[in-house]
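Printed here is coords26.txt (compact mmCIF, C-alpha atoms):
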```txt
# COMPACT_ATOMS: atom_id res chain seq x y z
CA MET G 1397 12.22 6.73 1.93
CA LYS G 1398 15.84 7.79 1.43
CA ALA G 1399 15.28 10.81 3.70
CA ARG G 1400 13.63 8.62 6.31
CA LEU G 1401 16.48 6.12 6.09
CA THR G 1402 19.07 8.90 6.47
CA LEU G 1403 17.28 10.17 9.58
CA SER G 1404 17.18 6.63 10.93
CA LEU G 1405 20.92 6.27 10.34
CA LEU G 1406 21.67 9.54 12.14
CA GLY G 1407 19.38 8.56 14.99
CA ALA G 1408 21.00 5.14 15.22
CA LEU G 1409 24.52 6.58 15.29
CA TYR G 1410 23.50 9.05 17.98
CA GLY G 1411 21.90 6.23 19.96
CA VAL G 1412 25.02 4.09 19.77
CA ALA G 1413 27.14 6.97 20.97
CA GLN G 1414 24.77 7.67 23.84
CA ALA G 1415 24.00 3.97 24.63
CA ALA G 1416 20.35 4.80 23.76
CA PRO G 1417 17.73 2.42 22.22
CA ALA G 1418 19.28 2.64 18.75
CA ALA G 1419 17.76 -0.43 17.10
CA ALA G 1420 14.11 0.37 17.84
CA ALA G 1421 13.43 3.06 15.21
CA PRO G 1422 15.30 1.29 12.37
CA GLN G 1423 13.48 -1.94 13.22
CA GLN G 1424 10.15 -0.12 13.04
CA ASP G 1425 11.21 1.37 9.69
CA LEU G 1426 12.22 -2.08 8.46
CA ASN G 1427 8.85 -3.56 9.43
CA SER G 1428 7.11 -0.66 7.70
CA VAL G 1429 9.22 -1.12 4.53
CA ARG G 1430 8.55 -4.86 4.48
CA LYS G 1431 4.82 -4.26 4.88
CA GLU G 1432 4.93 -1.71 2.06
CA ILE G 1433 6.87 -4.18 -0.12
CA SER G 1434 4.24 -6.87 0.51
CA THR G 1435 1.40 -4.48 -0.32
CA LEU G 1436 3.19 -3.30 -3.46
CA GLN G 1437 3.89 -6.86 -4.61
CA GLN G 1438 0.22 -7.76 -4.19
CA ASP G 1439 -0.82 -4.67 -6.17
CA ILE G 1440 1.66 -5.48 -8.95
CA ALA G 1441 0.33 -9.06 -9.12
CA ARG G 1442 -3.23 -7.74 -9.33
CA LYS G 1443 -2.29 -5.32 -12.12
CA GLU G 1444 -0.40 -8.08 -13.96
CA ALA G 1445 -3.51 -10.28 -13.84
CA GLU G 1446 -5.63 -7.36 -15.05
CA ARG G 1447 -3.13 -6.66 -17.82
CA GLN G 1448 -3.21 -10.31 -18.98
CA GLN G 1449 -7.00 -10.27 -18.99
CA THR G 1450 -7.03 -7.03 -21.01
CA ALA G 1451 -4.45 -8.45 -23.42
CA GLY G 1452 -6.77 -11.44 -23.91
CA GLU G 1453 -9.62 -9.05 -24.68
CA ILE G 1454 -7.40 -7.33 -27.26
CA ALA G 1455 -6.62 -10.70 -28.88
CA LYS G 1456 -10.34 -11.49 -29.06
CA SER G 1457 -11.01 -8.05 -30.58
CA GLU G 1458 -8.29 -8.64 -33.17
CA GLN G 1459 -9.84 -12.00 -34.11
CA ALA G 1460 -13.30 -10.45 -34.33
CA LEU G 1461 -11.91 -7.59 -36.45
CA GLN G 1462 -10.22 -10.04 -38.79
CA ALA G 1463 -13.45 -12.06 -39.18
CA THR G 1464 -15.44 -8.85 -39.78
CA HIS G 1465 -12.88 -7.69 -42.32
CA GLN G 1466 -13.22 -10.99 -44.19
CA VAL G 1467 -17.02 -10.73 -44.18
CA LEU G 1468 -16.79 -7.15 -45.49
CA ASN G 1469 -14.49 -8.29 -48.29
CA GLU G 1470 -16.92 -11.05 -49.24
CA LEU G 1471 -19.84 -8.62 -49.15
CA GLU G 1472 -17.89 -6.18 -51.29
CA LYS G 1473 -17.18 -8.93 -53.83
CA LYS G 1474 -20.85 -9.92 -53.88
CA GLN G 1475 -21.85 -6.29 -54.29
CA ASP G 1476 -19.39 -5.87 -57.18
CA ALA G 1477 -20.65 -9.05 -58.85
CA SER G 1478 -24.30 -8.08 -58.37
CA SER G 1479 -23.63 -4.54 -59.61
CA SER G 1480 -21.88 -5.91 -62.69
CA GLN G 1481 -24.70 -8.39 -63.28
CA LEU G 1482 -27.24 -5.60 -62.84
CA ASP G 1483 -25.37 -3.41 -65.32
CA ASN G 1484 -25.35 -6.25 -67.88
CA LEU G 1485 -29.03 -6.94 -67.37
CA GLN G 1486 -29.92 -3.28 -67.65
CA ALA G 1487 -27.85 -3.00 -70.85
CA GLU G 1488 -29.55 -6.12 -72.22
CA LEU G 1489 -32.92 -4.77 -71.13
CA GLN G 1490 -32.23 -1.49 -72.88
CA THR G 1491 -31.26 -3.36 -76.08
CA ILE G 1492 -34.48 -5.39 -75.95
CA ARG G 1493 -36.51 -2.26 -75.33
CA ILE G 1494 -34.90 -0.67 -78.39
CA LYS G 1495 -35.67 -3.78 -80.45
CA VAL G 1496 -39.27 -3.78 -79.22
CA ALA G 1497 -39.59 -0.12 -80.13
CA GLU G 1498 -38.11 -0.68 -83.59
CA THR G 1499 -40.35 -3.69 -84.21
CA ARG G 1500 -43.36 -1.75 -83.08
CA GLN G 1501 -42.45 1.04 -85.44
CA ARG G 1502 -42.15 -1.42 -88.34
CA VAL G 1503 -45.46 -3.05 -87.42
CA SER G 1504 -47.05 0.36 -87.06
CA ARG G 1505 -45.80 1.43 -90.49
CA LEU G 1506 -47.01 -1.82 -91.98
CA LEU G 1507 -50.41 -1.50 -90.35
CA ALA G 1508 -50.65 2.12 -91.45
CA ALA G 1509 -49.84 1.20 -95.04
CA GLU G 1510 -52.38 -1.59 -94.96
CA TYR G 1511 -54.99 0.72 -93.53
CA LYS G 1512 -54.39 3.24 -96.32
CA ARG G 1513 -54.75 0.64 -98.94
CA GLY G 1514 -57.90 -0.54 -97.31
CA GLN G 1515 -59.61 -3.85 -97.86
CA GLN G 1516 -59.27 -3.58 -101.65
CA ASP G 1517 -55.51 -4.08 -101.47
CA ALA G 1518 -55.85 -7.78 -101.24
CA MET G 1519 -58.44 -7.77 -104.11
CA ALA G 1520 -56.21 -5.41 -106.08
CA ILE G 1521 -53.36 -7.76 -105.66
CA MET G 1522 -55.54 -10.59 -106.90
CA PHE G 1523 -57.24 -8.81 -109.89
CA ASN G 1524 -54.41 -6.56 -111.01
CA THR G 1525 -51.93 -9.34 -111.18
CA GLN G 1526 -52.06 -11.28 -114.38
CA ASP G 1527 -50.82 -14.38 -112.58
CA PRO G 1528 -53.37 -15.53 -109.94
CA ASN G 1529 -50.82 -17.86 -108.37
CA GLN G 1530 -48.43 -14.98 -107.87
CA SER G 1531 -51.16 -12.99 -106.18
CA ALA G 1532 -51.89 -15.82 -103.77
CA ARG G 1533 -48.27 -16.14 -102.98
CA ASP G 1534 -47.95 -12.38 -102.29
CA LEU G 1535 -50.99 -12.46 -100.01
CA THR G 1536 -49.62 -15.38 -98.06
CA TYR G 1537 -46.26 -13.61 -97.81
CA TYR G 1538 -47.83 -10.46 -96.31
CA THR G 1539 -49.81 -12.57 -93.84
CA HIS G 1540 -46.70 -14.43 -92.65
CA ILE G 1541 -44.78 -11.16 -92.25
CA HIS G 1542 -47.55 -9.70 -90.11
CA ARG G 1543 -47.71 -12.77 -87.87
CA ALA G 1544 -43.93 -12.92 -87.53
CA GLN G 1545 -43.79 -9.28 -86.47
CA GLN G 1546 -46.49 -9.86 -83.84
CA SER G 1547 -44.70 -12.96 -82.51
CA LEU G 1548 -41.39 -11.09 -82.30
CA ILE G 1549 -43.02 -8.26 -80.38
CA GLN G 1550 -44.54 -10.73 -77.91
CA THR G 1551 -41.21 -12.54 -77.46
CA LEU G 1552 -39.40 -9.28 -76.82
CA ARG G 1553 -42.10 -8.25 -74.34
CA ASP G 1554 -41.68 -11.54 -72.46
CA GLN G 1555 -37.90 -11.07 -72.34
CA GLU G 1556 -38.37 -7.51 -71.13
CA VAL G 1557 -40.62 -8.70 -68.30
CA GLN G 1558 -38.11 -11.39 -67.26
CA LEU G 1559 -35.18 -9.00 -67.39
CA GLN G 1560 -37.13 -6.42 -65.37
CA ALA G 1561 -37.89 -9.04 -62.71
CA MET G 1562 -34.26 -10.11 -62.58
CA SER G 1563 -33.17 -6.46 -62.31
CA GLU G 1564 -35.55 -5.92 -59.40
CA ARG G 1565 -34.25 -9.03 -57.63
CA ILE G 1566 -30.66 -7.90 -58.10
CA GLU G 1567 -31.52 -4.41 -56.87
CA ASP G 1568 -33.16 -5.96 -53.77
CA GLU G 1569 -30.03 -8.09 -53.26
CA LEU G 1570 -27.86 -4.99 -53.55
CA VAL G 1571 -30.01 -3.23 -50.94
CA ARG G 1572 -29.71 -6.27 -48.63
CA LEU G 1573 -25.96 -6.47 -49.17
CA GLY G 1574 -25.68 -2.73 -48.53
CA ARG G 1575 -27.50 -3.08 -45.21
CA MET G 1576 -25.30 -6.01 -44.20
CA SER G 1577 -22.21 -4.05 -45.20
CA SER G 1578 -23.33 -1.01 -43.18
CA ALA G 1579 -23.97 -3.23 -40.14
CA LYS G 1580 -20.56 -4.84 -40.49
CA VAL G 1581 -18.88 -1.45 -40.91
CA GLN G 1582 -20.56 -0.30 -37.69
CA GLU G 1583 -19.52 -3.52 -35.96
CA LYS G 1584 -15.96 -3.04 -37.19
CA ARG G 1585 -15.95 0.55 -35.88
CA GLN G 1586 -17.15 -0.63 -32.45
CA LEU G 1587 -14.54 -3.40 -32.37
CA GLN G 1588 -11.81 -0.92 -33.25
CA GLN G 1589 -12.97 1.40 -30.47
CA ALA G 1590 -12.98 -1.48 -27.98
CA ARG G 1591 -9.52 -2.57 -29.14
CA ASN G 1592 -8.20 0.99 -28.81
CA GLN G 1593 -9.67 1.29 -25.31
CA HIS G 1594 -8.11 -2.03 -24.28
CA SER G 1595 -4.79 -1.03 -25.81
CA GLN G 1596 -4.88 2.25 -23.87
CA GLN G 1597 -5.74 0.34 -20.70
CA VAL G 1598 -2.84 -2.07 -21.26
CA SER G 1599 -0.52 0.89 -21.86
CA GLN G 1600 -1.66 2.51 -18.61
CA LEU G 1601 -1.23 -0.77 -16.72
CA ASP G 1602 2.24 -1.24 -18.22
CA SER G 1603 3.20 2.25 -17.08
CA ALA G 1604 1.76 1.69 -13.58
CA ILE G 1605 3.52 -1.68 -13.28
CA ARG G 1606 6.85 -0.18 -14.38
CA ASN G 1607 6.49 2.63 -11.83
CA GLN G 1608 5.57 0.20 -9.07
CA GLN G 1609 8.40 -2.15 -9.99
CA GLN G 1610 10.83 0.78 -9.76
CA LYS G 1611 9.36 1.71 -6.39
CA LEU G 1612 9.55 -1.95 -5.32
CA GLN G 1613 13.22 -2.08 -6.32
CA GLN G 1614 13.87 1.09 -4.31
CA LEU G 1615 12.04 -0.37 -1.30
CA LYS G 1616 14.06 -3.56 -1.53
CA GLU G 1617 17.26 -1.49 -1.57
CA ASP G 1618 15.98 0.40 1.48
CA GLU G 1619 15.18 -2.93 3.14
CA ARG G 1620 18.72 -4.18 2.51
CA GLU G 1621 20.21 -0.95 3.90
CA LEU G 1622 17.96 -1.06 6.96
CA SER G 1623 18.75 -4.73 7.55
CA ALA G 1624 22.46 -3.98 7.32
CA LEU G 1625 22.02 -1.00 9.69
CA ILE G 1626 20.11 -3.09 12.23
CA ALA G 1627 22.72 -5.84 11.98
CA ARG G 1628 25.47 -3.29 12.69
CA ILE G 1629 23.52 -1.81 15.61
CA ASN G 1630 22.76 -5.26 17.06
CA ALA G 1631 26.39 -6.24 16.67
CA ASP G 1632 27.43 -3.06 18.50
CA ILE G 1633 24.88 -3.73 21.23
CA ARG G 1634 26.16 -7.28 21.52
CA ARG G 1635 29.75 -6.01 21.78
CA ARG G 1636 28.74 -3.60 24.52
CA GLN G 1637 26.85 -6.37 26.32
CA LEU G 1638 29.88 -8.62 26.12
CA ALA G 1639 32.09 -5.78 27.32
CA ALA G 1640 29.72 -5.13 30.24
CA ALA G 1641 29.66 -8.83 31.06
CA ALA G 1642 33.44 -8.97 30.91
CA LYS G 1643 33.66 -5.89 33.11
CA ALA G 1644 31.21 -7.45 35.59
CA ALA G 1645 33.20 -10.69 35.57
CA GLN G 1646 36.42 -8.76 36.12
CA ALA G 1647 34.82 -6.84 38.99
CA LYS G 1648 33.56 -10.10 40.49
CA LYS G 1649 37.01 -11.62 40.16
CA ALA G 1650 38.52 -8.55 41.79
CA ARG G 1651 36.02 -8.80 44.66
CA GLU G 1652 36.80 -12.50 45.12
CA GLN G 1653 40.51 -11.78 45.07
CA ALA G 1654 40.07 -8.95 47.59
CA THR G 1655 38.07 -11.34 49.79
CA ARG G 1656 40.82 -13.97 49.60
CA LEU G 1657 43.48 -11.38 50.38
CA ALA G 1658 41.42 -10.09 53.30
CA ALA G 1659 40.92 -13.64 54.60
CA GLU G 1660 44.64 -14.35 54.24
CA LYS G 1661 45.49 -11.14 56.03
CA ARG G 1662 43.02 -12.05 58.80
CA ARG G 1663 44.58 -15.48 59.22
CA GLN G 1664 48.05 -13.92 59.40
CA GLN G 1665 46.88 -11.37 61.97
CA VAL G 1666 45.30 -14.13 64.10
CA ALA G 1667 48.47 -16.23 63.90
CA ASP G 1668 50.65 -13.28 64.90
CA ALA G 1669 48.35 -12.40 67.79
CA LYS G 1670 48.47 -15.97 69.09
CA LYS G 1671 52.28 -16.06 68.89
CA GLN G 1672 52.57 -12.76 70.73
CA GLY G 1673 49.82 -13.58 73.25
CA LYS G 1674 47.82 -10.60 72.20
CA PRO G 1675 44.01 -10.41 71.86
CA LEU G 1676 42.64 -11.61 68.58
CA PRO G 1677 41.74 -8.82 66.11
CA ALA G 1678 38.05 -8.04 65.64
CA GLU G 1679 36.21 -9.73 62.78
CA PRO G 1680 36.03 -7.41 59.76
CA LYS G 1681 32.60 -6.33 58.72
CA ALA G 1682 31.38 -8.21 55.65
CA PRO G 1683 31.01 -5.86 52.69
CA ALA G 1684 27.48 -5.23 51.56
CA ARG G 1685 26.47 -7.71 48.86
CA VAL G 1686 25.82 -5.99 45.55
CA GLU G 1687 22.92 -7.39 43.52
CA THR G 1688 22.83 -6.85 39.81
CA VAL G 1689 20.34 -7.31 36.98
CA ASP G 1690 22.03 -9.11 34.11
CA GLU G 1691 19.23 -10.37 31.87
CA VAL G 1692 17.12 -7.74 30.11
CA ALA G 1693 13.61 -8.14 28.67
CA ASP G 1694 13.47 -9.32 25.04
CA ALA G 1695 10.97 -10.78 22.58
CA SER G 1696 11.37 -14.38 23.78
CA LEU G 1697 8.30 -14.16 26.03
CA SER G 1698 6.17 -12.12 23.63
CA GLY G 1699 2.74 -13.57 22.91
CA ASN G 1700 2.30 -15.12 26.40
CA ALA G 1701 -0.34 -14.09 28.91
CA PHE G 1702 1.26 -11.99 31.64
CA ARG G 1703 0.01 -14.22 34.47
CA SER G 1704 2.04 -17.10 32.96
CA LEU G 1705 5.33 -15.19 33.22
CA GLN G 1706 5.90 -15.43 36.98
CA GLY G 1707 9.41 -16.73 37.59
CA ARG G 1708 10.41 -16.11 33.97
CA LEU G 1709 10.13 -12.33 33.73
CA LYS G 1710 13.19 -10.38 32.61
CA LEU G 1711 13.68 -6.85 33.97
CA PRO G 1712 13.64 -3.67 31.85
CA VAL G 1713 17.31 -2.64 32.24
CA ALA G 1714 20.61 -4.16 33.28
CA GLY G 1715 22.38 -2.61 36.23
CA GLU G 1716 22.91 -2.61 40.00
CA ILE G 1717 19.88 -2.94 42.27
CA GLY G 1718 19.87 0.22 44.37
CA GLY G 1719 16.50 -0.25 46.04
CA ARG G 1720 14.61 -3.47 46.79
CA PHE G 1721 10.87 -3.91 47.11
CA GLY G 1722 9.82 -3.00 50.68
CA ALA G 1723 13.24 -1.58 51.64
CA ARG G 1724 13.33 1.85 53.29
CA ARG G 1725 14.42 4.86 51.29
CA GLY G 1726 16.58 7.67 52.62
CA GLU G 1727 13.62 9.97 53.30
CA GLY G 1728 11.84 7.30 55.37
CA ALA G 1729 9.41 5.92 52.80
CA SER G 1730 9.79 2.40 51.41
CA TRP G 1731 10.19 1.19 47.84
CA LYS G 1732 6.97 -0.16 46.32
CA GLY G 1733 8.96 -1.49 43.43
CA MET G 1734 12.67 -1.73 42.72
CA PHE G 1735 15.26 0.85 41.77
CA ILE G 1736 17.98 -0.17 39.29
CA LYS G 1737 21.09 2.00 39.01
CA VAL G 1738 22.05 2.39 35.38
CA ALA G 1739 24.01 4.85 33.28
CA PRO G 1740 21.94 7.66 31.70
CA GLY G 1741 20.81 6.94 28.14
CA SER G 1742 20.48 3.18 28.61
CA PRO G 1743 17.60 1.58 26.66
CA VAL G 1744 14.54 0.79 28.79
CA ARG G 1745 12.58 -2.21 27.50
CA VAL G 1746 9.01 -3.29 28.23
CA VAL G 1747 8.92 -6.61 30.09
CA ALA G 1748 5.87 -8.08 28.27
CA ASP G 1749 3.21 -7.38 25.65
CA GLY G 1750 0.76 -4.61 26.49
CA THR G 1751 -0.68 -1.16 25.79
CA VAL G 1752 0.68 2.20 26.93
CA VAL G 1753 -1.99 3.80 29.13
CA TYR G 1754 0.14 6.65 30.52
CA ALA G 1755 3.21 8.40 29.13
CA ASP G 1756 3.86 11.77 30.75
CA TRP G 1757 5.57 13.58 33.61
CA LEU G 1758 4.61 12.27 37.06
CA ARG G 1759 5.15 14.36 40.18
CA GLY G 1760 7.80 12.86 42.41
CA PHE G 1761 9.06 10.48 39.71
CA GLY G 1762 9.71 12.57 36.59
CA ASN G 1763 8.90 11.10 33.19
CA ALA G 1764 6.82 7.98 33.69
CA MET G 1765 5.12 5.31 31.62
CA ILE G 1766 2.45 2.78 32.63
CA ILE G 1767 1.77 -0.37 30.58
CA ASP G 1768 -1.46 -2.37 30.84
CA HIS G 1769 -0.72 -6.08 30.25
CA GLY G 1770 -4.29 -7.35 30.66
CA GLY G 1771 -5.61 -9.58 33.41
CA ASN G 1772 -5.40 -6.62 35.86
CA TYR G 1773 -1.57 -6.58 35.60
CA MET G 1774 0.31 -3.31 35.06
CA THR G 1775 3.95 -2.25 35.08
CA VAL G 1776 5.27 1.21 35.93
CA TYR G 1777 8.53 2.72 34.63
CA THR G 1778 9.84 6.10 35.86
CA GLY G 1779 13.04 8.10 35.52
CA PHE G 1780 13.13 8.41 31.71
CA ALA G 1781 15.41 10.90 30.02
CA THR G 1782 13.39 10.42 26.81
CA MET G 1783 10.29 8.39 25.93
CA VAL G 1784 9.63 6.99 22.44
CA ARG G 1785 6.13 5.59 23.03
CA GLY G 1786 2.90 7.51 23.52
CA ASN G 1787 -0.55 6.87 24.96
CA GLY G 1788 -2.40 4.11 23.16
CA ALA G 1789 0.72 2.55 21.63
CA THR G 1790 0.79 -1.25 21.43
CA VAL G 1791 4.09 -2.79 22.56
CA ARG G 1792 5.56 -6.27 22.51
CA GLY G 1793 7.96 -7.77 25.02
CA GLY G 1794 11.45 -6.37 24.51
CA ASP G 1795 10.33 -3.20 22.70
CA VAL G 1796 12.23 -0.05 23.69
CA LEU G 1797 10.16 2.47 25.67
CA GLY G 1798 12.84 5.15 25.92
CA ALA G 1799 16.20 6.03 27.44
CA SER G 1800 16.95 6.07 31.17
CA GLY G 1801 17.71 9.24 33.09
CA SER G 1802 17.09 10.02 36.75
CA LEU G 1803 14.26 10.32 39.24
CA GLU G 1804 12.98 13.69 40.35
CA SER G 1805 14.93 13.10 43.60
CA GLY G 1806 18.15 13.06 41.58
CA GLU G 1807 18.84 9.32 41.80
CA THR G 1808 20.29 8.10 38.49
CA GLY G 1809 18.59 5.00 37.15
CA LEU G 1810 15.17 3.43 36.55
CA TYR G 1811 12.39 2.83 39.04
CA PHE G 1812 10.19 -0.20 38.15
CA GLU G 1813 6.91 -1.37 39.71
CA LEU G 1814 4.67 -4.38 39.11
CA ARG G 1815 1.03 -4.08 40.18
CA TYR G 1816 -1.93 -6.46 40.28
CA MET G 1817 -5.44 -5.11 40.86
CA GLY G 1818 -3.71 -1.80 41.68
CA ARG G 1819 -1.61 -3.29 44.48
CA PRO G 1820 2.21 -3.34 44.21
CA ILE G 1821 3.94 -6.76 43.94
CA ASN G 1822 7.61 -7.57 44.43
CA PRO G 1823 9.05 -7.61 40.86
CA GLN G 1824 11.96 -9.82 41.93
CA SER G 1825 9.52 -12.56 42.89
CA TRP G 1826 8.54 -12.66 39.22
CA ALA G 1827 12.02 -12.22 37.74
CA ARG G 1828 14.18 -15.19 36.77
```
Encoding of this model in structure tokens:
Amino acid sequence: MKARLTLSLLGALYGVAQAAPAAAAPQQDLNSVRKEISTLQQDIARKEAERQQTAGEIAKSEQALQATHQVLNELEKKQDASSSQLDNLQAELQTIRIKVAETRQRVSRLLAAEYKRGQQDAMAIMFNTQDPNQSARDLTYYTHIHRAQQSLIQTLRDQEVQLQAMSERIEDELVRLGRMSSAKVQEKRQLQQARNQHSQQVSQLDSAIRNQQQKLQQLKEDERELSALIARINADIRRRQLAAAAKAAQAKKAREQATRLAAEKRRQQVADAKKQGKPLPAEPKAPARVETVDEVADASLSGNAFRSLQGRLKLPVAGEIGGRFGARRGEGASWKGMFIKVAPGSPVRVVADGTVVYADWLRGFGNAMIIDHGGNYMTVYTGFATMVRGNGATVRGGDVLGASGSLESGETGLYFELRYMGRPINPQSWAR
């Protein structure tokens, strides 16, 4: 953009020096920069909205991760408690199993001893003991011991069964908690991946937004420089227009003064002739009236249908009319348009909105341009030194078409025609 702006500056300075259409290219650059600024601002706004949405997704992921982390902590606590409970139960179960085994061993030894003694043990106890009451008491004692051992074994077996069932339930609970924990770990991993992806996306958007904001700042600086350049060019054009107007006014004043002096001289000559009785001097020939074009086409009529511009049309250049519509030319032909004498390099402006349908060299006229205005109306411009519009270009009233030069015949200025349905029309009948 800086390079383009520098070229525009050089072109503008050259145009001012040569009285060429200096403001056209910078104005086109300014419109292009403003369009690019608008597009860039819209893109930045879209990225900002996308960034905010992604940041919201990150916040949701963070909340979900926090909730998942809490659930995992609770599951871990439950797993620790269940594991501890299972360890206690298994230790208790092992103790009971040892007690059952020891009791069984005692009962087995007792039963084995009783078996060895046989059925006579009880009788031996009764007959060998001198005290029958003592024998009865011993027999009852042995019976109670046997029953107590059997009851203890049964109680321990029941406790073993209960503890085994509790252990199985706790093991099932640990399996369930393990599955839940695995699912939550997987969910946490997925949430972390999503958060990382969103964070990367936000980082990329931040980088893109920063780059675009820098570019936008540069474009705004270019816009300010272009606006200042166009303002300087327009001010210079305005100064030159005022200078030309002042020069024209001065020339008009000089012509009026010359006319008054000539009239005064004529009156004096007539008075002297009458006093001396001489014939009156012949009437001086009236100088040819010079017609000028003062108002040049601008954007004020842009957007209007061409057929509505009759009587309001402004001509493409300012200068002296050197050939009127229908007047005879030096070689015998007549003008089908009008010829305006103007200094080489003057900006030539299109008189109304339209499309360039021809922009090339034309035999007998030199560089020529034809604009289609719609409604079967066309305008023709010839005698360009340079042309800045090509075939197919869309133009608006007041746009610069190029710089004036001379016709192929050598006449310096611009030749302008207005045609309807292909037939030439007097442009001055349309001009204001």
Could you write out as JSON the box around segment 1753-1770 of chain G (axis-aligned, all atoms listed in the file, 8 Å on each side), with centre and edge lengths in Å to one decimal?
```
{"center_x": 2.7, "center_y": 3.5, "center_z": 35.8, "size_x": 30.0, "size_y": 37.7, "size_z": 29.3}
```
Shortest interatomic distance to Phe1812 of chain G - which of G:Ala1561, G:Val1713, G:Val1784, G:Gln1475, counting only C-alpha atoms: G:Val1713
Proximity to Ser1742 of chain G - best of G:Val1796, G:Ala1631, G:Ile1492, G:Leu1587, all atoms listed in the file: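 The shortest atom-to-atom distance to Ser1742 of chain G comes from G:Val1796.
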What gap, in Å, lies between atom CA of Gly1718 of chain G and atom CA of Ser1730 of chain G?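 So the answer is 12.5 Å.
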Between atom CA of Thr1464 of chain G and atom CA of Ser1480 of chain G, what is the distance in Å, rounded to a tenth?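 Separation between atom CA of Thr1464 of chain G and atom CA of Ser1480 of chain G: 24.0 Å.
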Between G:Ile1821, G:Lys1584, G:Val1744, G:Gln1646, single out the one closest to Trp1731 of chain G, counting all atoms listed in the file.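 Closest to Trp1731 of chain G, using all atoms listed in the file: G:Ile1821.
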Students should find that atom CA of Pro1820 of chain G and atom CA of Met1774 of chain G are spaced 9.3 Å
My list of candidates is G:Glu1458, G:Gln1609, G:Leu1711, G:Lys1671. Which is closest to Ser1595 of chain G when distances are computed with only C-alpha atoms?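 Checking each of G:Glu1458, G:Gln1609, G:Leu1711, G:Lys1671 against Ser1595 of chain G, counting only C-alpha atoms, the winner is G:Glu1458.
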Surrounding residues of Ala1641 of chain G excluding itself and chain neighbours under 6 positions, 12 Å, all atoms listed in the file, as a ChimeraX atom specification: /G:1634-1635,1647-1648,1688-1691,1714-1715
Which residues, written as a ChimeraX atom specification, have at least one atom at most 6 Å from Asp1749 of chain G, with only C-alpha atoms counted and residues fewer than 6 positions away on the same chain left out? /G:1698,1791-1793
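Closest to Arg1708 of chain G among G:Arg1828, G:Lys1611, G:His1465, G:Arg1720 is G:Arg1828, based on all atoms listed in the file.
The closest residue to Ala1477 of chain G, picked from G:Gln1501, G:Ala1445, G:Glu1569, G:Thr1539 and counting all atoms listed in the file, is G:Glu1569.
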Non-local contacts of Ala1487 of chain G (12 Å; only C-alpha atoms; under 5 positions in same chain excluded) as an NGL selection string: :G and (1480-1482 or 1492-1494 or 1556 or 1559-1560 or 1563)
Show me the residues around (13.4, -14.7, 33.2) - criterion: an atom at most 12 Å away, all atoms listed in the file counted - as a ChimeraX atom specification. /G:1689-1697,1704-1712,1747-1748,1823-1828
